[in-house]
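Enquirer: Got a structure for you, questions after.
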Amino acid sequence: MTKNAWSHRSRALHQHRGGTIGGVVPGSIAEDLGLYVGDRVLAVSGHPLRDIIDYRFAIAEEQLELLVQTASGVVAYDIEKEPDEDLGITFVEPLFDELHRCHNACLFCFITQMPANMRHSLYVKDDDYRLSFLYGNFITLTNLHEADWQRIAEQHLSPLYISVHTTDPALRATMMGRRHIPDILAQIRRLGRLGIQVHAQVVACPGLNDGEALDRTIADLAHLYPVVQSIAVVPIGLTRYARPTCPSATRPVAPLRSYTPAEATRLVDQVMHSGNRYRRRVGVRLVYPGDELLLLSGHDLPPANFYDGYPQYFNGVGMTRDFLDSWEQAARRCPARRSPPVHIALVCGTLIAPTIQRLVSRLAVEGLSIRVVPVVNRFFGETVTVSGLLTGQDVVAALQAAPDNDNNNNNDAYDCVFVPRAMFDHEGVRTLDDYTIGDMANETSKPLAIASCPEDLLHAGRHLNHETETRSTFGGSGNEQRKNHVSTIF
């Protein structure tokens, strides 16, 4: 590895912003080079970097030149390494250039249902195929340029996650709030010709894209299997800030509303019927109901093999089943007796609360007392029932109102109160209303911890020696869940 002065050849590359280094792995090539947090990687072997995808492709070579903006100036490093050897650099953000934003005006967009005066990032509508490839974010394909198609092909960015909603062109335009949008089926066929696989979602809206329209959508997408690998049907989510009418619609539509349990039951039955048909035809169900629909309808949760490997796990399809199975596994590893006794509380949304309560009721561990604390979502409205959209202020209010056990209201009775990891941001630090775990602990005077999975909950007694240890052990940033196959019900 050699260090060179900034050459005239590299001068043009300095105009690119590059990626800011957020971490350097000890003992790595990057550490040997003397790179630091805050340095910016501008280019690799003469290729400017738009994002972490470009970076990963570029460093796969055995010999490369790394152009870095350091505190002392722009430096070019000549590197020889093994082809699969990493440089040991992590970046502050995955995108080094501008985010590709959504220009649609979808009738049911959750971001437009946010109240005013929240942090800026909550109002950003992304529609970026790179984040779809990296993290499974759903995109609409309505903002792709020819250069984007070329890059998807060249770097084989597969799979992509696509918000389809309906394959009826006119209805999709209405739902997107646009008069003219590309033909989604033609776009998916083009992706298939490029060797790109697709996972699709349908946000079902009562009386709009369900019923016969949904049958058509499922059939159209299923016809494109195996390019289309899975289809999730999830229910519309409406906050108390949602507009009763749809001014962005390109044709009149009925006011949006949530599904009733009876309607959810019919929708689940419709999806199940289609899934049974495709299981017989192609060996997988292909179309799956979201957990929220199953819980709303009261339908029994299917077994793990129903989900064919959980292709849309992080879209809330199969998370609850995974949570149940993980709970049973953790429960089998629990000791028959806890000494000293442990008293904990589990905070969750109202939708999953009855399911968790049934699990707790069946748990027979002497010395382990668990209280389920359902939190009504006052912030977004009571129709928002999932744990991932809980706010810090609602959790605080629920804990202040809930007794610590059946016999007293002593604030010190809980050894730990677990709150779900899903209600925090990507880094596991802040809730939607900017509370940290420490903020909630201070306002409730209770020992709070972030839980990601049943193992955290049922084996808490191993770590709970006193309040300060609880907060330091569990009260940090939490575990990043996006690419780890563990339940994010919590």
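By order of appearance in the structure tokens: chains A, B, ..., then residues from 1 within every chain, and ligands from 1 in the order shown.
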Using DSSP on the backbone coordinates, identify the residues of range 149-357 of chain A assigned to strand (DSSP E); present them as a PDB file with C-alpha atoms, in the first residue's frame.
Expert:
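So the final result, stored in result.pdb, reads:
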ATOM      1  CA  LEU A 160     -36.279  -5.036  -5.765  1.00  0.00           C
ATOM      2  CA  TYR A 161     -39.357  -4.392  -3.629  1.00  0.00           C
ATOM      3  CA  ILE A 162     -42.221  -2.740  -5.482  1.00  0.00           C
ATOM      4  CA  SER A 163     -45.420  -1.078  -4.309  1.00  0.00           C
ATOM      5  CA  VAL A 198     -39.325  -8.624  -7.570  1.00  0.00           C
ATOM      6  CA  HIS A 199     -41.248  -8.707  -4.309  1.00  0.00           C
ATOM      7  CA  ALA A 200     -44.571  -6.858  -4.599  1.00  0.00           C
ATOM      8  CA  GLN A 201     -46.924  -5.341  -2.096  1.00  0.00           C
ATOM      9  CA  VAL A 202     -50.559  -4.303  -2.243  1.00  0.00           C
ATOM     10  CA  VAL A 203     -51.802  -1.786   0.313  1.00  0.00           C
ATOM     11  CA  ALA A 204     -55.449  -2.796   0.334  1.00  0.00           C
ATOM     12  CA  VAL A 228     -42.369 -11.921  -9.063  1.00  0.00           C
ATOM     13  CA  GLN A 229     -41.233 -13.918  -6.052  1.00  0.00           C
ATOM     14  CA  SER A 230     -43.867 -12.855  -3.531  1.00  0.00           C
ATOM     15  CA  ILE A 231     -46.933 -10.643  -3.093  1.00  0.00           C
ATOM     16  CA  ALA A 232     -47.913  -9.178   0.283  1.00  0.00           C
ATOM     17  CA  VAL A 233     -51.399  -7.838   0.940  1.00  0.00           C
ATOM     18  CA  VAL A 234     -51.367  -5.387   3.856  1.00  0.00           C
ATOM     19  CA  PRO A 235     -54.169  -3.128   5.097  1.00  0.00           C
ATOM     20  CA  VAL A 287     -49.345 -14.290  -2.041  1.00  0.00           C
ATOM     21  CA  TYR A 288     -49.465 -13.731   1.720  1.00  0.00           C
ATOM     22  CA  PRO A 289     -51.671 -11.720   4.105  1.00  0.00           C
ATOM     23  CA  ARG A 337     -37.587 -21.229  38.984  1.00  0.00           C
ATOM     24  CA  ARG A 338     -36.115 -17.725  39.163  1.00  0.00           C
ATOM     25  CA  SER A 339     -34.195 -16.731  42.261  1.00  0.00           C
ATOM     26  CA  PRO A 340     -34.299 -13.967  43.194  1.00  0.00           C
ATOM     27  CA  PRO A 341     -37.756 -13.335  41.733  1.00  0.00           C
ATOM     28  CA  VAL A 342     -38.009 -11.106  38.654  1.00  0.00           C
ATOM     29  CA  HIS A 343     -40.947  -8.815  37.935  1.00  0.00           C
ATOM     30  CA  ILE A 344     -41.050  -7.336  34.407  1.00  0.00           C
ATOM     31  CA  ALA A 345     -43.511  -5.534  32.160  1.00  0.00           C
ATOM     32  CA  LEU A 346     -43.890  -5.818  28.395  1.00  0.00           C
ATOM     33  CA  VAL A 347     -45.054  -2.726  26.536  1.00  0.00           C
ATOM     34  CA  CYS A 348     -46.704  -3.270  23.133  1.00  0.00           C
ATOM     35  CA  GLY A 349     -49.359  -2.022  20.743  1.00  0.00           C
TER      36      GLY A 349
END
Enquirer: List as a PDB file with C-alpha atoms, in the first residue's frame the protein and nucleic acid residues near range 370-380 of chain A, meaning an atom at most 9 Å away when only C-alpha atoms are counted, but skip any in the same chain fewer than 5 places from it.
Expert:
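Final output, around_5.pdb:
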ATOM      1  CA  GLN A 113     -50.685  11.744   7.627  1.00  0.00           C
ATOM      2  CA  MET A 114     -48.010  12.989  10.016  1.00  0.00           C
ATOM      3  CA  PRO A 115     -48.705  15.940  12.293  1.00  0.00           C
ATOM      4  CA  LEU A 238     -54.835   5.763   8.710  1.00  0.00           C
ATOM      5  CA  THR A 239     -53.926   8.207  11.451  1.00  0.00           C
ATOM      6  CA  ARG A 240     -56.198  10.806  13.007  1.00  0.00           C
ATOM      7  CA  TYR A 241     -54.462  13.345  10.775  1.00  0.00           C
ATOM      8  CA  VAL A 342     -38.009 -11.106  38.654  1.00  0.00           C
ATOM      9  CA  HIS A 343     -40.947  -8.815  37.935  1.00  0.00           C
ATOM     10  CA  ILE A 344     -41.050  -7.336  34.407  1.00  0.00           C
ATOM     11  CA  ALA A 345     -43.511  -5.534  32.160  1.00  0.00           C
ATOM     12  CA  LEU A 346     -43.890  -5.818  28.395  1.00  0.00           C
ATOM     13  CA  VAL A 347     -45.054  -2.726  26.536  1.00  0.00           C
ATOM     14  CA  CYS A 348     -46.704  -3.270  23.133  1.00  0.00           C
ATOM     15  CA  GLY A 349     -49.359  -2.022  20.743  1.00  0.00           C
ATOM     16  CA  THR A 350     -52.991  -2.966  21.277  1.00  0.00           C
ATOM     17  CA  LEU A 351     -53.138  -5.251  18.212  1.00  0.00           C
ATOM     18  CA  ILE A 352     -50.519  -7.752  19.404  1.00  0.00           C
ATOM     19  CA  ALA A 353     -51.358  -7.434  23.128  1.00  0.00           C
ATOM     20  CA  PRO A 354     -53.927 -10.290  23.328  1.00  0.00           C
ATOM     21  CA  ILE A 356     -48.677 -11.797  23.980  1.00  0.00           C
ATOM     22  CA  GLN A 357     -51.035 -12.066  26.954  1.00  0.00           C
ATOM     23  CA  VAL A 360     -47.587 -14.983  29.203  1.00  0.00           C
ATOM     24  CA  SER A 361     -50.573 -16.791  30.730  1.00  0.00           C
ATOM     25  CA  THR A 385     -52.576  -0.319  16.748  1.00  0.00           C
ATOM     26  CA  VAL A 386     -49.127  -1.674  15.821  1.00  0.00           C
ATOM     27  CA  SER A 387     -46.144  -1.537  18.175  1.00  0.00           C
ATOM     28  CA  LEU A 389     -45.830   3.283  15.572  1.00  0.00           C
ATOM     29  CA  LEU A 390     -45.946   3.839  19.310  1.00  0.00           C
ATOM     30  CA  THR A 391     -44.593   7.135  20.584  1.00  0.00           C
ATOM     31  CA  GLN A 393     -45.273  10.105  25.179  1.00  0.00           C
ATOM     32  CA  ASP A 394     -47.966   7.412  24.857  1.00  0.00           C
ATOM     33  CA  VAL A 395     -45.696   4.808  26.474  1.00  0.00           C
ATOM     34  CA  ALA A 397     -48.673   7.861  29.867  1.00  0.00           C
ATOM     35  CA  ALA A 398     -49.528   4.158  29.823  1.00  0.00           C
ATOM     36  CA  LEU A 399     -46.798   3.268  32.314  1.00  0.00           C
ATOM     37  CA  ALA A 402     -50.643   1.142  34.951  1.00  0.00           C
ATOM     38  CA  ASP A 404     -46.787  -2.167  38.841  1.00  0.00           C
ATOM     39  CA  ASN A 405     -48.466  -5.348  40.059  1.00  0.00           C
TER      40      ASN A 405
END
Enquirer: Within 8 Å of range 58-66 of chain A, which residues of range 74-122 of chain A come that close, and what is the closest atom pair and distance in Å for each? Count only C-alpha atoms and give it as a Markdown table.
Expert:
| residue | atom | partner | partner_atom | distance |
| --- | --- | --- | --- | --- |
| A:Ala76 | CA | A:Leu66 | CA | 5.5 |
| A:Tyr77 | CA | A:Leu66 | CA | 5.0 |
| A:Asp78 | CA | A:Glu65 | CA | 4.6 |
| A:Ile79 | CA | A:Leu64 | CA | 5.3 |
| A:Glu80 | CA | A:Gln63 | CA | 4.6 |
| A:Lys81 | CA | A:Glu62 | CA | 5.1 |
| A:Glu82 | CA | A:Glu62 | CA | 5.4 |
| A:Pro83 | CA | A:Glu62 | CA | 4.8 |
| A:Asp84 | CA | A:Ala60 | CA | 6.1 |
| A:Glu85 | CA | A:Ala60 | CA | 7.7 |
| A:Asp86 | CA | A:Ile59 | CA | 7.5 |
| A:Leu87 | CA | A:Ile59 | CA | 7.8 |
Enquirer: With C-alpha atoms retained, export the selected residues as a tab-separated table (two decimals), in the first residue's frame.
Expert:
chain	number	residue	atom	x	y	z
A	76	ALA	CA	-4.60	8.78	-3.42
A	77	TYR	CA	-3.73	5.40	-1.87
A	78	ASP	CA	-2.51	2.47	-4.01
A	79	ILE	CA	-3.75	-0.80	-2.49
A	80	GLU	CA	-3.01	-4.46	-3.16
A	81	LYS	CA	-5.25	-6.97	-1.42
A	82	GLU	CA	-7.15	-10.22	-1.77
A	83	PRO	CA	-10.20	-9.95	-4.07
A	84	ASP	CA	-12.68	-10.62	-1.26
A	85	GLU	CA	-10.79	-8.62	1.38
A	86	ASP	CA	-12.71	-5.68	2.83
A	87	LEU	CA	-11.04	-2.34	3.48
Enquirer: Work out how far apart CA of Val317 in chain A and CA of Asp300 in chain A are and give it in Å to one decimal.
Expert: 14.0 Å
Enquirer: Which of range 161-200 of chain A counts as helix (DSSP H, G or I) under DSSP, as a list in words please?
Expert: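 Filtering range 161-200 of chain A down to helix (DSSP H, G or I) leaves Pro169, Ala170, Leu171, Arg172, Ala173, Thr174, Met175, Met176, Ile184, Leu185, Ala186, Gln187, Ile188, Arg189, Arg190, Leu191, Gly192 and Arg193 of chain A.
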Enquirer: Give me the residues within 12 Å of Arg281 in chain A as a PyMOL selection string, counting only C-alpha atoms and dropping any in the same chain fewer than 4 places off.
Expert: chain A and resi 222-223+225+274-277+285-286
Enquirer: Under the rule that only C-alpha atoms are counted, which of A:Gly290, A:Gly392, A:Gly19, A:Pro159 is the nearest residue to Gly195 in chain A?
Expert: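 Ranking A:Gly290, A:Gly392, A:Gly19, A:Pro159 by distance to Gly195 in chain A, first place goes to A:Pro159.
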